[in-house]
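Engineer: Data: data-v1.cif, mmCIF, C-alpha atoms and all ligand atoms.
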data_protein
#
loop_
_atom_site.label_atom_id
_atom_site.label_comp_id
_atom_site.auth_asym_id
_atom_site.auth_seq_id
_atom_site.Cartn_x
_atom_site.Cartn_y
_atom_site.Cartn_z
CA MET Q 1 -25.01 4.11 -15.58
CA ILE Q 2 -25.23 7.82 -14.84
CA GLU Q 3 -28.48 9.50 -13.87
CA LYS Q 4 -28.91 13.22 -13.28
CA LEU Q 5 -31.16 13.84 -10.28
CA SER Q 6 -33.15 17.00 -9.70
CA PHE Q 7 -33.73 17.00 -5.93
CA GLY Q 8 -31.06 19.63 -5.19
CA GLU Q 9 -31.90 22.00 -8.01
CA PRO Q 10 -31.47 24.85 -8.64
CA PHE Q 11 -28.86 25.09 -5.85
CA LEU Q 12 -26.96 21.81 -6.10
CA GLU Q 13 -26.47 19.54 -9.11
CA THR Q 14 -26.46 15.83 -8.37
CA HIS Q 15 -25.57 12.77 -10.42
CA TYR Q 16 -26.08 9.15 -9.38
CA LEU Q 17 -23.51 6.67 -10.69
CA GLU Q 18 -23.76 2.88 -10.69
CA ASN Q 19 -21.29 0.41 -12.22
CA GLU Q 20 -19.52 3.20 -14.07
CA ASN Q 21 -15.86 3.00 -15.03
CA ALA Q 22 -13.36 5.62 -16.20
CA PHE Q 23 -15.73 8.55 -15.61
CA THR Q 24 -13.93 11.90 -15.52
CA ILE Q 25 -15.48 14.40 -13.13
CA PRO Q 26 -15.99 17.77 -14.87
CA GLY Q 27 -14.64 20.21 -12.24
CA CYS Q 28 -14.93 19.77 -8.49
CA CYS Q 29 -17.62 17.88 -6.62
CA LEU Q 30 -18.34 16.04 -3.41
CA LEU Q 31 -18.45 12.29 -3.90
CA MET Q 32 -20.48 10.12 -1.52
CA ASN Q 33 -19.83 6.40 -1.89
CA LEU Q 34 -23.30 4.96 -1.25
CA ASP Q 35 -22.19 1.36 -1.55
CA THR Q 36 -21.94 -0.75 1.61
CA GLU Q 37 -19.27 -3.07 0.17
CA LYS Q 38 -17.38 -1.64 -2.79
CA SER Q 39 -14.83 1.20 -2.82
CA VAL Q 40 -14.69 3.97 -5.40
CA LEU Q 41 -11.26 4.31 -7.01
CA ALA Q 42 -9.99 7.76 -8.04
CA GLU Q 43 -7.12 8.17 -10.54
CA ASN Q 44 -6.37 4.43 -10.09
CA GLU Q 45 -4.64 5.41 -6.84
CA PHE Q 46 -6.97 6.63 -4.12
CA SER Q 47 -9.70 4.48 -2.68
CA VAL Q 48 -12.86 6.00 -1.19
CA PRO Q 49 -14.18 3.23 1.11
CA PRO Q 50 -17.85 2.18 1.34
CA LEU Q 51 -20.06 4.81 3.03
CA SER Q 52 -17.25 7.39 2.87
CA ALA Q 53 -16.93 10.70 1.06
CA ALA Q 54 -14.31 12.94 -0.55
CA LYS Q 55 -13.99 16.16 -2.48
CA LEU Q 56 -12.64 15.42 -5.96
CA CYS Q 57 -11.54 17.72 -8.80
CA ASP Q 58 -11.20 16.65 -12.44
CA ALA Q 59 -10.50 13.11 -11.25
CA GLN Q 60 -11.18 9.94 -13.18
CA ILE Q 61 -13.19 7.52 -11.06
CA ASP Q 62 -14.23 3.88 -11.16
CA VAL Q 63 -17.54 3.21 -9.39
CA PRO Q 64 -18.10 -0.57 -9.14
CA GLY Q 65 -21.05 -0.02 -6.77
CA LYS Q 66 -23.07 3.18 -6.37
CA ALA Q 67 -22.15 6.76 -5.66
CA LEU Q 68 -23.56 10.28 -5.64
CA LEU Q 69 -21.75 13.33 -7.02
CA VAL Q 70 -22.79 16.75 -5.68
CA PHE Q 71 -21.73 19.82 -7.67
CA GLY Q 72 -22.06 23.45 -6.63
CA SER Q 73 -21.48 23.25 -2.89
CA ASP Q 74 -18.67 25.83 -3.15
CA THR Q 75 -20.97 28.39 -4.73
CA VAL Q 76 -23.73 28.27 -2.10
CA ASP Q 77 -23.01 31.11 0.37
CA LEU Q 78 -25.28 30.73 3.38
CA ASN Q 79 -24.12 34.10 4.73
CA ASP Q 80 -25.77 35.70 1.70
CA LEU Q 81 -29.29 36.45 2.93
CA LEU Q 82 -30.77 36.37 -0.58
CA THR Q 83 -29.45 32.82 -1.08
CA LEU Q 84 -30.73 31.84 2.36
CA ASP Q 85 -34.20 33.20 1.54
CA CYS Q 86 -34.26 31.39 -1.82
CA LEU Q 87 -33.45 28.10 -0.09
CA ARG Q 88 -36.02 28.70 2.66
CA SER Q 89 -38.75 29.33 0.13
CA ALA Q 90 -37.80 26.46 -2.18
CA TRP Q 91 -37.45 23.78 0.53
CA LYS Q 92 -40.12 22.93 3.10
CA SER Q 93 -39.56 23.49 6.81
CA ASN Q 94 -40.03 20.57 9.18
CA TRP Q 95 -43.10 22.41 10.49
CA GLU Q 96 -44.62 22.60 6.98
CA LEU Q 97 -43.87 18.91 6.47
CA THR Q 98 -45.24 17.56 9.76
CA HIS Q 99 -47.25 20.24 11.59
CA LEU Q 100 -45.88 18.71 14.80
CA ASP Q 101 -45.61 21.22 17.65
CA LYS Q 102 -41.99 20.24 18.30
CA HIS Q 103 -41.09 21.45 14.79
CA ARG Q 104 -42.67 24.90 15.14
CA GLY Q 105 -40.02 27.57 14.51
CA VAL Q 106 -37.20 25.01 14.02
CA PRO Q 107 -34.99 26.26 11.14
CA TYR Q 108 -34.58 22.90 9.37
CA TYR Q 109 -35.68 22.95 5.69
CA LYS Q 110 -35.77 19.83 3.52
CA SER Q 111 -35.34 19.49 -0.24
CA PRO Q 112 -37.53 16.97 -2.09
CA ARG Q 113 -36.59 13.35 -1.37
CA VAL Q 114 -35.29 10.95 -3.98
CA THR Q 115 -34.92 7.16 -3.90
CA VAL Q 116 -32.41 5.61 -6.28
CA GLY Q 117 -30.57 2.28 -6.12
CA GLY Q 118 -32.33 1.49 -2.82
CA VAL Q 119 -31.01 4.68 -1.19
CA THR Q 120 -33.27 7.55 -0.09
CA MET Q 121 -31.74 11.02 0.11
CA ASN Q 122 -32.63 14.64 0.68
CA PHE Q 123 -30.72 17.81 1.38
CA CYS Q 124 -31.43 19.70 4.57
CA LEU Q 125 -30.69 23.36 5.24
CA VAL Q 126 -30.13 24.39 8.84
CA ALA Q 127 -30.61 28.13 8.56
CA ASP Q 128 -29.14 29.01 11.99
CA PRO Q 129 -25.73 28.20 13.47
CA ASP Q 130 -25.44 26.03 16.59
CA CYS Q 131 -28.88 24.53 16.12
CA PRO Q 132 -29.45 20.88 17.15
CA SER Q 133 -32.10 18.59 15.69
CA GLY Q 134 -34.35 16.58 17.98
CA ILE Q 135 -32.66 13.79 19.95
CA HIS Q 136 -33.81 10.37 18.77
CA ARG Q 137 -32.70 6.77 18.40
CA GLU Q 138 -35.37 5.36 16.10
CA HIS Q 139 -36.21 6.26 12.52
CA GLY Q 140 -39.71 4.96 11.84
CA LYS Q 141 -38.33 2.08 9.80
CA PRO Q 142 -35.04 0.17 10.01
CA VAL Q 143 -32.54 2.20 8.00
CA LYS Q 144 -28.86 2.89 7.94
CA GLU Q 145 -28.74 6.66 8.39
CA LEU Q 146 -25.80 8.90 7.49
CA HIS Q 147 -25.26 12.65 7.10
CA MET Q 148 -22.80 14.03 4.57
CA GLN Q 149 -21.90 17.67 5.13
CA VAL Q 150 -22.32 19.72 1.93
CA VAL Q 151 -22.03 23.39 2.98
CA GLY Q 152 -20.70 24.81 6.26
CA GLU Q 153 -19.83 22.90 9.40
CA GLY Q 154 -21.86 20.55 11.55
CA ALA Q 155 -21.62 17.52 13.83
CA VAL Q 156 -23.49 14.43 14.89
CA ASP Q 157 -23.66 14.08 18.67
CA LEU Q 158 -24.16 10.75 20.48
CA LEU Q 159 -25.92 10.90 23.86
CA ARG Q 160 -26.49 8.67 26.88
CA SER Q 161 -30.14 9.68 27.09
CA GLU Q 162 -32.74 11.97 25.56
CA HIS Q 163 -31.37 14.82 27.66
CA PRO Q 164 -29.11 17.33 25.81
CA SER Q 165 -26.58 17.44 28.68
CA THR Q 166 -25.62 13.76 28.17
CA VAL Q 167 -23.52 14.02 25.00
CA PHE Q 168 -20.68 11.46 25.17
CA ALA Q 169 -19.29 11.70 21.61
CA SER Q 170 -19.29 14.25 18.78
CA LEU Q 171 -18.50 13.43 15.17
CA PRO Q 172 -17.43 16.68 13.47
CA LEU Q 173 -18.49 17.30 9.87
CA SER Q 174 -17.07 19.68 7.27
CA ALA Q 175 -18.03 19.87 3.59
CA GLY Q 176 -17.20 16.59 1.88
CA THR Q 177 -17.16 14.45 5.02
CA VAL Q 178 -19.60 11.89 6.35
CA HIS Q 179 -19.52 10.50 9.89
CA ILE Q 180 -18.69 6.90 10.71
CA PRO Q 181 -21.79 4.71 11.10
CA GLU Q 182 -23.56 4.96 14.47
CA TRP Q 183 -25.52 1.71 14.34
CA ASN Q 184 -24.25 -1.48 16.00
CA ALA Q 185 -24.27 -5.03 14.61
CA GLU Q 186 -27.96 -5.36 15.50
CA GLY Q 187 -28.82 -2.12 13.70
CA ILE Q 188 -29.49 -0.33 17.00
CA TYR Q 189 -28.55 3.35 17.41
CA PRO Q 190 -27.50 5.31 20.46
CA TRP Q 191 -29.49 8.48 21.18
CA HIS Q 192 -28.22 10.96 18.60
CA ARG Q 193 -28.82 14.29 16.91
CA TYR Q 194 -27.45 16.37 14.06
CA ARG Q 195 -26.20 19.81 15.11
CA SER Q 196 -25.24 22.75 12.89
CA VAL Q 197 -22.06 24.61 13.87
CA THR Q 198 -22.36 27.28 11.18
CA ARG Q 199 -25.39 27.66 8.91
CA SER Q 200 -25.31 24.35 7.13
CA ILE Q 201 -26.55 22.08 4.38
CA PHE Q 202 -26.19 18.33 4.84
CA LEU Q 203 -27.26 15.38 2.74
CA GLY Q 204 -29.44 12.97 4.68
CA ILE Q 205 -28.92 9.39 3.49
CA GLU Q 206 -31.08 6.35 4.32
CA ILE Q 207 -29.93 2.95 3.10
FE FE Q 301 -31.21 9.72 13.17
#
Would you write out, as structure tokens, the structure that this file holds?
Ligand SMILES: [Fe+2]
Structural biologist:
Amino acid sequence: MIEKLSFGEPFLETHYLENENAFTIPGCCLLMNLDTEKSVLAENEFSVPPLSAAKLCDAQIDVPGKALLVFGSDTVDLNDLLTLDCLRSAWKSNWELTHLDKHRGVPYYKSPRVTVGGVTMNFCLVADPDCPSGIHREHGKPVKELHMQVVGEGAVDLLRSEHPSTVFASLPLSAGTVHIPEWNAEGIYPWHRYRSVTRSIFLGIEI
């Protein structure tokens, strides 16, 4: 099954695949394997493990579980101020979404959210370089949270406490990578935050 999703449009084209064999990717895309158990196989040779990502070009893939394809990440230039303005007006800032004081002036902008195959996703633009999100360890509801980098460079930092000086691990992200899971066997997270290195777009994933 292949379903075209609209949540990244008009900037990023996304397709959700489930139980799809011998699908040939038209051009280059970022593939996020959303399945927690089954690998995606590319060209019958290369295995993309569960909850992992890769950049693929013209490859034939077998998706026994579920996966997302993201097209167009190479063409989004966040150093082009016109593009940046288009994104900022199309997607809502955290302040517009929550009206929480802590989000006032924070340059995080979210695309619409989509839920498909039990996975909720949205894109997020971080319009400034070197800009951390809030430090948190809970997510409102129990979810498995991942960030796949789509444009630019970023990182997920793990911290000993809510204080920004207590970072003990950083998981670097470049386009087409997703960090290793942060949650432990009980589903508990360390204090963590996303941080842009350059201007950045990531895909937020909740399973
Ligand atoms: Fe989080």
Engineer: Residues near Asp35 in chain Q, anyone? I mean within 12 Å using all atoms listed in the file, not counting same-chain ones fewer than 3 positions away, as a ChimeraX atom specification.
Structural biologist: /Q:16-19,31-32,38-40,48-53,63-68,117-119,144,205-207
Engineer: Just the residues within 6 Å of range 147-154 of chain Q, please, counting only C-alpha atoms, with nothing from its chain fewer than 3 positions along; format it as an NGL selection string.
Structural biologist: :Q and (73 or 173-178 or 195-198 or 200-204)
Engineer: List all protein, DNA and RNA residues that have at least one atom no more than 7 Å from any atom of ligand FE 301 (chain Q), counting only C-alpha atoms and all ligand atoms, and write them as a list in words.
Structural biologist: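 Every residue with an atom at most 7 Å from ligand FE 301 (chain Q) is listed here: His136, Arg137, Glu138, His139, Glu145, His192 and Arg193 of chain Q.
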Engineer: Pick from Q:Met1, Q:Gly8, Q:Phe46, Q:Thr36: nearest to Glu20 in chain Q, with only C-alpha atoms counted?
Structural biologist: Q:Met1
Engineer: Applying 8 Å and only C-alpha atoms, which residues near Leu125 in chain Q remain after dropping the ones on its own chain fewer than 5 positions away? List them as number ranges by chain.
Structural biologist: Q: 87-88, 107-110, 199-202
Engineer: Could you give me, as JSON, numbers by chain, the residues that have an atom at most 12 Å away from the point (-28.3, -0.6, 14.3) in the coordinates of the file, using all atoms listed in the file?
Structural biologist: {"Q": [137, 138, 139, 141, 142, 143, 144, 145, 146, 181, 182, 183, 184, 185, 186, 187, 188, 189, 190, 191, 207]}
Engineer: Closest to His103 in chain Q among Q:Gly134, Q:Gly27, Q:Pro10, Q:Pro164, using only C-alpha atoms?
Structural biologist: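 Looking at the shortest contact to His103 in chain Q, the residue is Q:Gly134.
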Engineer: I need the residue nearest His179 in chain Q from this list: Q:Val156, Q:Ser161, Q:Ala54, Q:Pro112. Use all atoms listed in the file for the distance.
Structural biologist: Q:Val156
Engineer: What does the distance between CA of Phe123 in chain Q and CA of Ser111 in chain Q come to in Å, to one decimal place?
Structural biologist: 5.2 Å
Engineer: Take CA of Phe11 in chain Q and CA of Tyr194 in chain Q and report the distance between them in Å, one decimal.
Structural biologist: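 Value for the CA of Phe11 in chain Q-CA of Tyr194 in chain Q distance: 21.8 Å.
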Engineer: If I take CA of Val116 in chain Q and CA of Leu34 in chain Q, how far is one from the other in Å, to one decimal?
Structural biologist: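 About the pair CA of Val116 in chain Q and CA of Leu34 in chain Q: they are 10.4 Å apart.
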Engineer: For a quick check of understanding, using all atoms listed in the file, which of Q:Gln60, Q:Thr120, Q:Asn94, Q:Asn44 has the smallest distance to Phe23 in chain Q?
Structural biologist: Q:Gln60
Engineer: For a quick check of understanding, using all atoms listed in the file, which of Q:Phe7, Q:Asp157, Q:Ser165, Q:Thr24 has the smallest distance to Trp91 in chain Q?
Structural biologist: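 Counting all atoms listed in the file, the residue closest to Trp91 in chain Q is Q:Phe7.
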Engineer: Hey, can I get the axis-aligned box for range 117-127 of chain Q? All listed atoms, 3 Å padding on each side, centre and edge lengths in Å to one decimal, as lines of an AutoDock Vina configuration file.
Structural biologist:
center_x = -31.7
center_y = 14.8
center_z = 1.4
size_x = 9.1
size_y = 32.6
size_z = 21.0
Engineer: From the options Q:Val76, Q:Leu84, Q:Leu69, Q:Ile61, which residue's atoms come nearest to Cys28 in chain Q, counting only C-alpha atoms?
Structural biologist: Q:Leu69
Engineer: Starting from the incomplete input, reconstruct N, CA, C and O atoms of range 116-128 of chain Q and write that as an mmCIF file, in the frame of the given file.
Structural biologist:
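The new file selection14.cif reads:
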data_model
loop_
_atom_site.group_PDB
_atom_site.id
_atom_site.type_symbol
_atom_site.label_atom_id
_atom_site.label_comp_id
_atom_site.auth_asym_id
_atom_site.auth_seq_id
_atom_site.Cartn_x
_atom_site.Cartn_y
_atom_site.Cartn_z
ATOM 1 N N VAL Q 116 -33.084 6.148 -5.104
ATOM 2 C CA VAL Q 116 -32.410 5.610 -6.280
ATOM 3 C C VAL Q 116 -31.460 4.520 -5.800
ATOM 4 O O VAL Q 116 -30.787 4.686 -4.773
ATOM 5 N N GLY Q 117 -31.456 3.388 -6.500
ATOM 6 C CA GLY Q 117 -30.570 2.280 -6.120
ATOM 7 C C GLY Q 117 -30.802 1.808 -4.693
ATOM 8 O O GLY Q 117 -29.859 1.364 -4.038
ATOM 9 N N GLY Q 118 -32.041 1.928 -4.187
ATOM 10 C CA GLY Q 118 -32.330 1.490 -2.820
ATOM 11 C C GLY Q 118 -31.901 2.471 -1.745
ATOM 12 O O GLY Q 118 -31.963 2.161 -0.555
ATOM 13 N N VAL Q 119 -31.470 3.667 -2.147
ATOM 14 C CA VAL Q 119 -31.010 4.680 -1.190
ATOM 15 C C VAL Q 119 -31.954 5.885 -1.288
ATOM 16 O O VAL Q 119 -32.251 6.358 -2.387
ATOM 17 N N THR Q 120 -32.415 6.363 -0.126
ATOM 18 C CA THR Q 120 -33.270 7.550 -0.090
ATOM 19 C C THR Q 120 -32.461 8.725 0.440
ATOM 20 O O THR Q 120 -31.748 8.585 1.444
ATOM 21 N N MET Q 121 -32.559 9.859 -0.259
ATOM 22 C CA MET Q 121 -31.740 11.020 0.110
ATOM 23 C C MET Q 121 -32.550 12.308 0.023
ATOM 24 O O MET Q 121 -33.472 12.423 -0.784
ATOM 25 N N ASN Q 122 -32.181 13.260 0.861
ATOM 26 C CA ASN Q 122 -32.630 14.640 0.680
ATOM 27 C C ASN Q 122 -31.579 15.569 1.246
ATOM 28 O O ASN Q 122 -30.775 15.165 2.108
ATOM 29 N N PHE Q 123 -31.560 16.796 0.760
ATOM 30 C CA PHE Q 123 -30.720 17.810 1.380
ATOM 31 C C PHE Q 123 -31.504 18.451 2.503
ATOM 32 O O PHE Q 123 -32.744 18.481 2.495
ATOM 33 N N CYS Q 124 -30.786 18.977 3.481
ATOM 34 C CA CYS Q 124 -31.430 19.700 4.570
ATOM 35 C C CYS Q 124 -30.623 20.950 4.873
ATOM 36 O O CYS Q 124 -29.413 20.873 5.103
ATOM 37 N N LEU Q 125 -31.298 22.091 4.837
ATOM 38 C CA LEU Q 125 -30.690 23.360 5.240
ATOM 39 C C LEU Q 125 -30.973 23.585 6.715
ATOM 40 O O LEU Q 125 -32.114 23.439 7.161
ATOM 41 N N VAL Q 126 -29.922 23.904 7.468
ATOM 42 C CA VAL Q 126 -30.130 24.390 8.840
ATOM 43 C C VAL Q 126 -29.769 25.870 8.790
ATOM 44 O O VAL Q 126 -28.599 26.234 8.635
ATOM 45 N N ALA Q 127 -30.782 26.716 8.875
ATOM 46 C CA ALA Q 127 -30.610 28.130 8.560
ATOM 47 C C ALA Q 127 -29.971 28.939 9.686
ATOM 48 O O ALA Q 127 -29.633 30.102 9.483
ATOM 49 N N ASP Q 128 -29.798 28.331 10.861
ATOM 50 C CA ASP Q 128 -29.140 29.010 11.990
ATOM 51 C C ASP Q 128 -27.908 28.222 12.412
ATOM 52 O O ASP Q 128 -27.927 26.986 12.362
#
